[in-house]
Each structure stands twice: as structure tokens, then as C-alpha cells.
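Novice: Sharing entry-v2.txt, compact mmCIF, C-alpha atoms:
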# COMPACT_ATOMS: atom_id res chain seq x y z
CA MET M 39 -7.35 3.34 13.33
CA TYR M 40 -3.58 3.20 13.29
CA GLY M 41 -1.04 4.29 15.88
CA PHE M 42 0.55 6.46 13.22
CA ASN M 43 3.67 7.67 15.00
CA PHE M 44 4.54 4.29 16.48
CA LYS M 45 4.12 2.34 13.28
CA MET M 46 6.06 4.81 11.19
CA ASN M 47 9.02 4.40 13.51
CA MET M 48 8.98 0.69 12.64
CA HIS M 49 9.58 1.49 8.99
CA TYR M 50 11.50 4.06 6.97
CA HIS M 51 11.75 7.56 8.41
CA SER M 52 13.09 10.46 6.34
CA LYS M 53 15.23 13.25 7.71
CA TYR M 54 13.10 15.92 6.02
CA ARG M 55 9.78 16.68 4.43
CA ILE M 56 9.54 16.39 0.69
CA ASN M 57 9.01 19.54 -1.38
CA PRO M 58 8.41 20.20 -5.11
CA GLU M 59 11.97 21.35 -5.84
CA MET M 60 13.63 18.16 -4.67
CA LYS M 61 15.04 15.87 -7.35
CA MET M 62 13.32 12.51 -7.47
CA ILE M 63 16.57 10.63 -8.00
CA HIS M 64 17.94 11.98 -4.71
CA LEU M 65 14.82 10.82 -2.89
CA LEU M 66 15.13 7.36 -4.44
CA GLU M 67 18.74 7.12 -3.32
CA GLU M 68 17.62 7.83 0.23
CA ASN M 69 14.50 5.65 0.17
CA HIS M 70 14.28 2.96 -2.50
CA LEU M 71 10.72 2.10 -1.42
CA LEU M 72 9.57 5.19 -3.30
CA LEU M 73 9.99 3.01 -6.39
CA LEU M 74 6.76 1.29 -5.31
CA MET M 75 5.03 4.65 -5.24
CA LEU M 76 6.29 5.48 -8.74
CA GLN M 77 5.06 2.12 -10.00
CA HIS M 78 1.59 2.64 -8.52
CA PHE M 79 1.49 6.14 -10.07
CA GLU M 80 2.63 4.61 -13.41
CA ILE M 81 5.69 6.86 -13.49
CA ASP M 82 8.70 5.52 -15.36
CA PHE M 83 11.66 4.79 -13.10
CA ARG M 84 13.96 6.71 -15.47
CA VAL M 85 13.40 9.98 -13.66
CA GLY M 86 16.67 11.58 -14.76
CA ASP M 87 17.28 14.87 -12.98
CA SER M 88 13.60 15.81 -12.84
CA THR M 89 12.29 17.56 -9.77
CA ILE M 90 9.02 16.50 -8.22
CA ALA M 91 7.36 19.55 -9.75
CA GLN M 92 8.58 18.54 -13.22
CA LEU M 93 7.45 14.93 -12.80
CA CYS M 94 4.03 16.02 -11.61
CA LYS M 95 3.64 18.29 -14.62
CA GLU M 96 4.79 15.55 -17.01
CA TYR M 97 2.40 12.95 -15.58
CA ASP M 98 -0.46 15.35 -14.79
CA ILE M 99 -0.45 14.65 -11.05
CA SER M 100 -1.09 17.42 -8.53
CA GLU M 101 1.95 18.30 -6.44
CA ASN M 102 -0.11 18.21 -3.24
CA LEU M 103 -1.20 14.62 -3.86
CA PHE M 104 2.22 13.39 -4.96
CA ILE M 105 3.97 14.98 -1.99
CA ARG M 106 1.37 13.72 0.50
CA ILE M 107 1.84 10.12 -0.65
CA ALA M 108 5.62 10.47 -0.99
CA ASN M 109 5.77 11.74 2.59
CA LEU M 110 3.75 8.72 3.75
CA TYR M 111 6.23 6.40 2.05
CA SER M 112 9.05 8.34 3.69
CA GLY M 113 7.59 8.17 7.19
CA VAL M 114 7.08 11.92 7.48
CA ARG M 115 4.19 13.05 9.64
CA VAL M 116 1.97 15.58 7.89
CA ALA M 117 -1.13 17.43 9.04
CA ASN M 118 -4.27 15.82 7.69
CA ASN M 119 -5.85 19.10 6.60
CA THR M 120 -5.13 19.21 2.86
CA SER M 121 -8.15 19.12 0.57
CA PHE M 122 -7.91 17.21 -2.69
CA SER M 123 -9.78 17.73 -5.93
CA LYS M 124 -12.06 15.10 -7.42
CA LYS M 125 -9.41 14.53 -10.07
CA ASP M 126 -6.89 13.86 -7.30
CA VAL M 127 -9.16 11.30 -5.66
CA LEU M 128 -9.75 9.51 -8.97
CA ARG M 129 -5.97 9.37 -9.31
CA VAL M 130 -5.77 7.89 -5.80
CA ILE M 131 -8.25 5.16 -6.74
CA ASN M 132 -6.17 4.27 -9.79
CA PHE M 133 -3.06 4.24 -7.57
CA LEU M 134 -4.76 1.84 -5.16
CA LYS M 135 -5.94 -0.40 -8.00
CA ASN M 136 -2.38 -0.59 -9.29
CA SER M 137 -1.21 -1.59 -5.83
CA HIS M 138 -3.78 -4.40 -5.89
CA THR M 139 -2.17 -5.69 -9.09
CA TYR M 140 1.22 -5.53 -7.39
CA TYR M 141 -0.03 -7.62 -4.45
CA ARG M 142 -1.78 -10.22 -6.60
CA SER M 143 0.64 -10.56 -9.49
CA ASP M 144 3.99 -9.71 -7.94
CA LYS M 145 4.33 -10.15 -4.18
CA TYR M 146 2.03 -13.12 -3.64
CA PRO M 147 3.65 -15.33 -6.32
CA GLN M 148 7.11 -14.25 -5.17
CA ILE M 149 6.52 -15.03 -1.49
CA ARG M 150 4.63 -18.22 -2.32
CA ASN M 151 7.57 -19.39 -4.42
CA PHE M 152 10.09 -18.66 -1.64
CA ILE M 153 8.00 -20.67 0.83
CA PHE M 154 7.62 -23.51 -1.68
CA GLN M 155 11.39 -23.65 -2.21
CA LEU M 156 11.98 -23.75 1.54
CA LYS M 157 9.45 -26.56 1.88
CA GLN M 158 11.17 -28.50 -0.89
CA ASN M 159 14.55 -28.09 0.81
CA HIS M 160 13.20 -28.82 4.28
CA PRO M 161 10.21 -31.19 4.02
CA ASP M 162 9.18 -30.74 7.62
CA LYS M 163 5.69 -30.41 8.99
CA GLU M 164 6.50 -26.89 10.21
CA LEU M 165 7.19 -25.67 6.67
CA LYS M 166 3.86 -27.05 5.51
CA LEU M 167 2.21 -25.07 8.30
CA LEU M 168 4.03 -21.94 7.15
CA GLU M 169 2.73 -22.47 3.63
CA GLN M 170 -0.80 -23.05 4.90
CA PHE M 171 -0.64 -19.97 7.13
CA PHE M 172 0.43 -17.74 4.26
CA ASP M 173 -2.18 -19.15 1.86
CA GLU M 174 -4.94 -18.59 4.41
CA TYR M 175 -3.67 -15.09 5.10
CA PHE M 176 -3.50 -14.13 1.46
CA ALA M 177 -7.00 -15.51 0.87
CA GLU M 178 -8.15 -12.87 3.38
CA VAL M 179 -6.13 -10.22 1.55
CA LEU M 180 -7.71 -11.20 -1.77
CA GLU M 181 -11.17 -11.02 -0.22
CA HIS M 182 -10.40 -7.51 0.99
CA LEU M 183 -9.00 -6.42 -2.39
CA ASN M 184 -11.98 -7.89 -4.25
CA TYR M 185 -14.34 -6.03 -1.92
CA GLU M 186 -12.59 -2.76 -2.72
CA ASP M 187 -12.50 -3.47 -6.47
CA THR M 188 -16.14 -4.50 -6.79
CA ILE M 189 -17.93 -2.43 -4.12
CA ALA M 190 -15.91 0.39 -2.57
CA PHE M 191 -14.02 1.81 -5.55
CA PRO M 192 -17.02 1.77 -7.95
CA TYR M 193 -19.00 3.62 -5.28
CA PHE M 194 -16.35 6.32 -4.89
CA ILE M 195 -15.97 6.67 -8.66
CA ALA M 196 -19.73 7.15 -9.07
CA LEU M 197 -19.67 9.67 -6.24
CA LEU M 198 -16.81 11.60 -7.84
CA GLU M 199 -18.46 11.57 -11.26
CA ASN M 200 -21.50 13.30 -9.77
CA LYS M 201 -23.94 10.51 -10.46
CA GLU M 202 -27.18 11.52 -8.81
CA ASN M 203 -28.12 10.01 -5.46
CA THR M 204 -25.19 7.61 -5.49
CA ALA M 205 -25.29 6.97 -1.75
CA ALA M 206 -29.06 6.61 -1.64
CA SER M 207 -29.30 4.33 -4.67
CA THR M 208 -26.53 2.00 -3.50
CA ASN M 209 -27.35 2.06 0.22
CA TYR M 210 -23.63 2.46 0.80
CA SER M 211 -21.41 5.20 2.21
CA SER M 212 -17.86 6.16 3.05
CA ASP M 213 -18.59 5.47 6.72
CA GLU M 214 -19.61 1.91 5.90
CA TYR M 215 -16.39 1.43 3.97
CA SER M 216 -14.44 2.82 6.93
CA GLU M 217 -16.14 0.33 9.27
CA HIS M 218 -15.34 -2.53 6.88
CA HIS M 219 -11.73 -1.41 6.63
CA THR M 220 -9.26 -3.79 8.27
CA ASP M 221 -5.54 -3.77 9.03
CA ILE M 222 -4.73 -6.51 6.55
CA GLU M 223 -0.99 -6.20 7.08
CA LEU M 224 -1.06 -7.08 10.78
CA LYS M 225 -1.08 -10.88 10.35
CA LEU M 226 2.20 -10.62 8.47
CA LYS M 227 3.80 -10.00 11.85
CA ASP M 228 2.80 -13.52 12.89
CA LEU M 229 4.32 -14.93 9.73
CA LYS M 230 7.57 -13.06 10.30
CA SER M 231 7.54 -14.20 13.92
CA LEU M 232 7.39 -17.83 12.79
CA LEU M 233 10.51 -17.31 10.70
CA LEU M 234 12.43 -15.23 13.22
CA LYS M 235 11.51 -17.00 16.45
CA HIS M 236 10.11 -20.47 15.98
CA LEU M 237 10.89 -22.36 12.78
CA LYS M 238 14.13 -24.31 12.96
CA ILE M 239 15.72 -24.09 9.53
CA ASN M 240 19.43 -24.62 9.08
CA ASP M 241 21.32 -22.91 6.28
CA ASP M 242 19.36 -21.56 3.27
CA TRP M 243 20.43 -18.08 4.37
CA MET M 244 19.79 -16.45 1.00
CA LEU M 245 16.32 -17.94 0.57
CA ARG M 246 15.25 -17.09 4.11
CA ARG M 247 16.54 -13.52 3.74
CA GLN M 248 14.75 -13.10 0.41
CA LEU M 249 11.52 -14.32 1.97
CA LEU M 250 11.83 -11.97 4.94
CA PHE M 251 12.68 -9.00 2.72
CA ALA M 252 9.62 -9.76 0.58
CA LEU M 253 7.39 -9.99 3.66
CA TYR M 254 8.69 -6.68 5.04
CA GLU M 255 8.14 -5.00 1.67
CA LEU M 256 4.61 -6.35 1.38
CA GLU M 257 3.79 -5.32 4.95
CA TYR M 258 5.13 -1.82 4.34
CA ASP M 259 3.18 -1.24 1.15
CA LEU M 260 -0.04 -2.66 2.62
CA TYR M 261 0.36 -0.25 5.52
CA ILE M 262 0.82 2.77 3.23
CA HIS M 263 -2.09 1.51 1.12
CA SER M 264 -4.33 1.57 4.20
CA LEU M 265 -3.08 5.00 5.27
CA ILE M 266 -3.91 6.45 1.85
CA GLU M 267 -7.43 5.08 2.11
CA GLU M 268 -7.91 6.35 5.65
CA THR M 269 -6.35 9.80 5.25
CA ILE M 270 -7.32 10.68 1.66
CA LEU M 271 -10.01 8.47 0.11
CA ILE M 272 -12.45 8.11 3.00
CA PRO M 273 -12.32 11.79 4.11
CA ALA M 274 -12.81 12.87 0.49
CA GLY M 275 -15.84 10.60 0.13
CA ILE M 276 -17.39 11.88 3.36
CA GLY M 277 -16.81 15.46 2.20
CA ILE M 278 -18.60 14.88 -1.11
CA GLU M 279 -21.49 13.06 0.59
CA ASN M 280 -21.97 16.07 2.88
CA GLU M 281 -22.00 18.65 0.09
Reformat the file's structure so that it appears as C-alpha cells.

Specialist:
Amino acid sequence: MYGFNFKMNMHYHSKYRINPEMKMIHLLEENHLLLLMLQHFEIDFRVGDSTIAQLCKEYDISENLFIRIANLYSGVRVANNTSFSKKDVLRVINFLKNSHTYYRSDKYPQIRNFIFQLKQNHPDKELKLLEQFFDEYFAEVLEHLNYEDTIAFPYFIALLENKENTAASTNYSSDEYSEHHTDIELKLKDLKSLLLKHLKINDDWMLRRQLLFALYELEYDLYIHSLIEETILIPAGIGIENE
């Protein structure tokens, strides 16, 4: 499990808890990473002057769920005692699936391209090792995402849709998923360390900065992704299994 307080201090930390009457545009101005949350919720970025309550009503998302996830993205510690409806948990699964698309189709190609450009500009053995390290790392990420898409999420969906004897018929459970769960963002620290401590690259300031920004963004969203699974999805699954 995560050292929640410590890790949150490494990322964004809001000055206040989010509530339904806050305007989304003000929250975005304070924390632009909430754009990732909107994307995963499939909420248009043109939020206008809508409050959170108005957005939730427009997109049929419960305020409790939206605020819980928004607080996670904002680094706000919240008590893990809120119960979520089955509809909420199905929405969470869709949110997580959308984040998988973001990792596969957005961040991986972007980071891979930055590394490729660096390698082209600096054809050193070290840059080839950086490329190899990232490819091996992302292969592990893809394996994890594929496991969730093909095994874990279908199980939770069947559980939520009240299919009889889901756990017994699949010989699977929320606890097994929890045991399989890994901190897939941790190896990104090693990759950042290579760039910040070890690799000797002169110039290319813009490209190196873009690569580091992309790595930090990926690490942050992977971390929130894991927190959502650990604090919402898995407890909800265990609760349904015990009904």
C-alpha cells in the first residue's frame, strides 16, 4: 500500500478541500492536472462558469464520486469512509479504462518520441540504454493494463451487474486483484534519475524539459489511477462480495 501523506507531498497539494459550489474553472486555474480528470470522465474542457454541482448534473456523475477523485488529484487527504453506489463504481471503471487509453495512445508515444529525438541528436550508448529502459518499463505497464482490461474490470462489471455467483464461477475476487496490484509508477523514478543525475547531455534544454514534464505527468496520473483502484474500486468489490 502507499505512503499516502508522503507521496502526496511530492505532487500537487491544494490549499482547500473541494466542494460542490466551487467553480470548475477556478479549480483548473489552481491545478491544471484536473484536466486529466475531466478527460477521463469525458467532460468537455469548456466548463464555462459551471460549478461542480452543475457539471455533475450535466454529465450524470454523483457529486461524492467527482469530489473524491478531484480531491485525490488535488492532493487533499480525505477519510476513506464514503460508500459509493454500483452506478458510481461502473463510472469509476470507465474512468480507469479511459486513463488506459491515455497511457497507451497519448503518453507512451509522446515520451517515446522525445527519447527518440534525444537519441538522434546524441547517438551515445547511454541514450540507447534510456530508450531500452523505457521500452522495458512500458511493456510492464501494458501487461498490467491488459490484465485489468481482460480480467479485473470484467470481473467487477459482472459483480456490479448482479450476475449470479460471479466470484465462485470465475474463481477470482477483489482480494486477488489487490494482491496482484503493483505500484507501476515507481520505476519512473529511476528513469527520471537517469536524466537528472547520470546522463550527460549538453544543450537540448527544451527537449529534455519536455521529456521530464511528460514523465512527471505520467507518474502523477498513474499514482492517482492506483489510488482510485485501492480506495474506491477494491473496497467496493469486497463490499459487494460480502453482501

Novice: Please indicate the distance in Å from atom CA of Asn109 of chain M to atom CA of Ile56 of chain M, rounded to one decimal place.

Specialist: 6.3 Å

Novice: Go through M:Lys163, M:Arg150, M:Arg142, M:Lys157 and flag the residue nearest Leu180 of chain M, using only C-alpha atoms for the distances.

Specialist: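 Looking only at the distances to Leu180 of chain M, the closest residue turns out to be M:Arg142.
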
Novice: Excluding Asn151 of chain M and its own-chain neighbours fewer than 3 positions away, which residues fall within 12 Å of it when counting only C-alpha atoms? Please give them as a list in words.

Specialist: Asp144, Lys145, Tyr146, Pro147, Gln148, Phe154, Gln155, Leu156, Lys157, Gln158, Glu169, Phe172, Asp173, Leu245, Arg246, Gln248, Leu249 and Ala252 of chain M

Novice: Could you write out the selected residues, including C-alpha atoms, as an mmCIF file, in the frame of the given file?

Specialist:
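Final output, result20.cif:
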data_model
loop_
_atom_site.group_PDB
_atom_site.id
_atom_site.type_symbol
_atom_site.label_atom_id
_atom_site.label_comp_id
_atom_site.auth_asym_id
_atom_site.auth_seq_id
_atom_site.Cartn_x
_atom_site.Cartn_y
_atom_site.Cartn_z
ATOM 1 C CA ASP M 144 3.990 -9.710 -7.940
ATOM 2 C CA LYS M 145 4.330 -10.150 -4.180
ATOM 3 C CA TYR M 146 2.030 -13.120 -3.640
ATOM 4 C CA PRO M 147 3.650 -15.330 -6.320
ATOM 5 C CA GLN M 148 7.110 -14.250 -5.170
ATOM 6 C CA PHE M 154 7.620 -23.510 -1.680
ATOM 7 C CA GLN M 155 11.390 -23.650 -2.210
ATOM 8 C CA LEU M 156 11.980 -23.750 1.540
ATOM 9 C CA LYS M 157 9.450 -26.560 1.880
ATOM 10 C CA GLN M 158 11.170 -28.500 -0.890
ATOM 11 C CA GLU M 169 2.730 -22.470 3.630
ATOM 12 C CA PHE M 172 0.430 -17.740 4.260
ATOM 13 C CA ASP M 173 -2.180 -19.150 1.860
ATOM 14 C CA LEU M 245 16.320 -17.940 0.570
ATOM 15 C CA ARG M 246 15.250 -17.090 4.110
ATOM 16 C CA GLN M 248 14.750 -13.100 0.410
ATOM 17 C CA LEU M 249 11.520 -14.320 1.970
ATOM 18 C CA ALA M 252 9.620 -9.760 0.580
#

Novice: What are the nearest atom pairs, with distances in Å to one decimal, for all residues of segment 88-203 of chain M that come at most 9 Å from segment 208-225 of chain M, using all atoms listed in the file, set out by chain and rising residue number as CSV?

Specialist:
residue,atom,partner,partner_atom,distance
M:Tyr175,CA,M:Lys225,CA,7.2
M:Glu178,CA,M:Ile222,CA,7.9
M:Val179,CA,M:Ile222,CA,6.4
M:His182,CA,M:Ile222,CA,8.0
M:Glu186,CA,M:Tyr215,CA,8.8
M:Ile189,CA,M:Tyr210,CA,9.0
M:Ala190,CA,M:Tyr215,CA,6.6
M:Tyr193,CA,M:Tyr210,CA,7.7
M:Phe194,CA,M:Ser212,CA,8.1
M:Asn203,CA,M:Thr208,CA,8.4

Novice: Around the point (-11.6, 15.9, 2.0) (coordinates from the file), which residues reach within 9 Å if we count all atoms listed in the file? Answer as a compact mmCIF listing (two decimals) with C-alpha atoms, in the frame of the given file.

Specialist:
# COMPACT_ATOMS: atom_id res chain seq x y z
CA ASN M 119 -5.85 19.10 6.60
CA THR M 120 -5.13 19.21 2.86
CA SER M 121 -8.15 19.12 0.57
CA PHE M 122 -7.91 17.21 -2.69
CA SER M 123 -9.78 17.73 -5.93
CA THR M 269 -6.35 9.80 5.25
CA ILE M 270 -7.32 10.68 1.66
CA LEU M 271 -10.01 8.47 0.11
CA ILE M 272 -12.45 8.11 3.00
CA PRO M 273 -12.32 11.79 4.11
CA ALA M 274 -12.81 12.87 0.49
CA GLY M 275 -15.84 10.60 0.13
CA ILE M 276 -17.39 11.88 3.36
CA GLY M 277 -16.81 15.46 2.20
CA ILE M 278 -18.60 14.88 -1.11

Novice: What is the atom CA of Leu237 of chain M-atom CA of Asn159 of chain M distance in Å, reported with one decimal?

Specialist: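 Here the two named atoms are 13.8 Å from each other.
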
Novice: Between atom CA of Gly86 of chain M and atom CA of Leu110 of chain M, what distance in Å does the model show, to one decimal?

Specialist: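 Rounded to one decimal, the two atoms are 22.8 Å apart.
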
Novice: Using all atoms listed in the file, which residue out of M:Leu128, M:Leu72, M:Leu265, M:Leu167 lies closest to Leu197 of chain M?

Specialist: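 Among the listed residues, M:Leu128 lies closest to Leu197 of chain M.
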
Novice: Would you please work out which residue, of M:Glu174, M:Asp98, M:Glu199, M:Asp187, is nearest to His138 of chain M when using only C-alpha atoms?

Specialist: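 Of M:Glu174, M:Asp98, M:Glu199, M:Asp187, the one nearest His138 of chain M, counting only C-alpha atoms, is M:Asp187.
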
Novice: Counting only C-alpha atoms, which of M:Val130, M:Leu65, M:Met244, M:Ile107 gets nearest to Asp87 of chain M?

Specialist: M:Leu65

Novice: For Phe152 of chain M, which residue among M:Phe104, M:Phe79, M:Tyr54, M:Trp243 is the nearest when counting only C-alpha atoms?

Specialist: M:Trp243

Novice: Looking at M:Val85, M:Met60, M:Ile99, M:Ile149, which one is nearest to Arg129 of chain M, with distances taken over all atoms listed in the file?

Specialist: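 The answer is M:Ile99, which sits nearest to Arg129 of chain M.
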
Novice: So that all listed atoms of segment 256-261 of chain M fit with 5 Å spare on each side, what axis-aligned box centre and edge lengths in Å, to one decimal, would you give as lines of an AutoDock Vina configuration file?

Specialist:
center_x = 2.5
center_y = -3.3
center_z = 3.3
size_x = 15.2
size_y = 16.1
size_z = 14.4
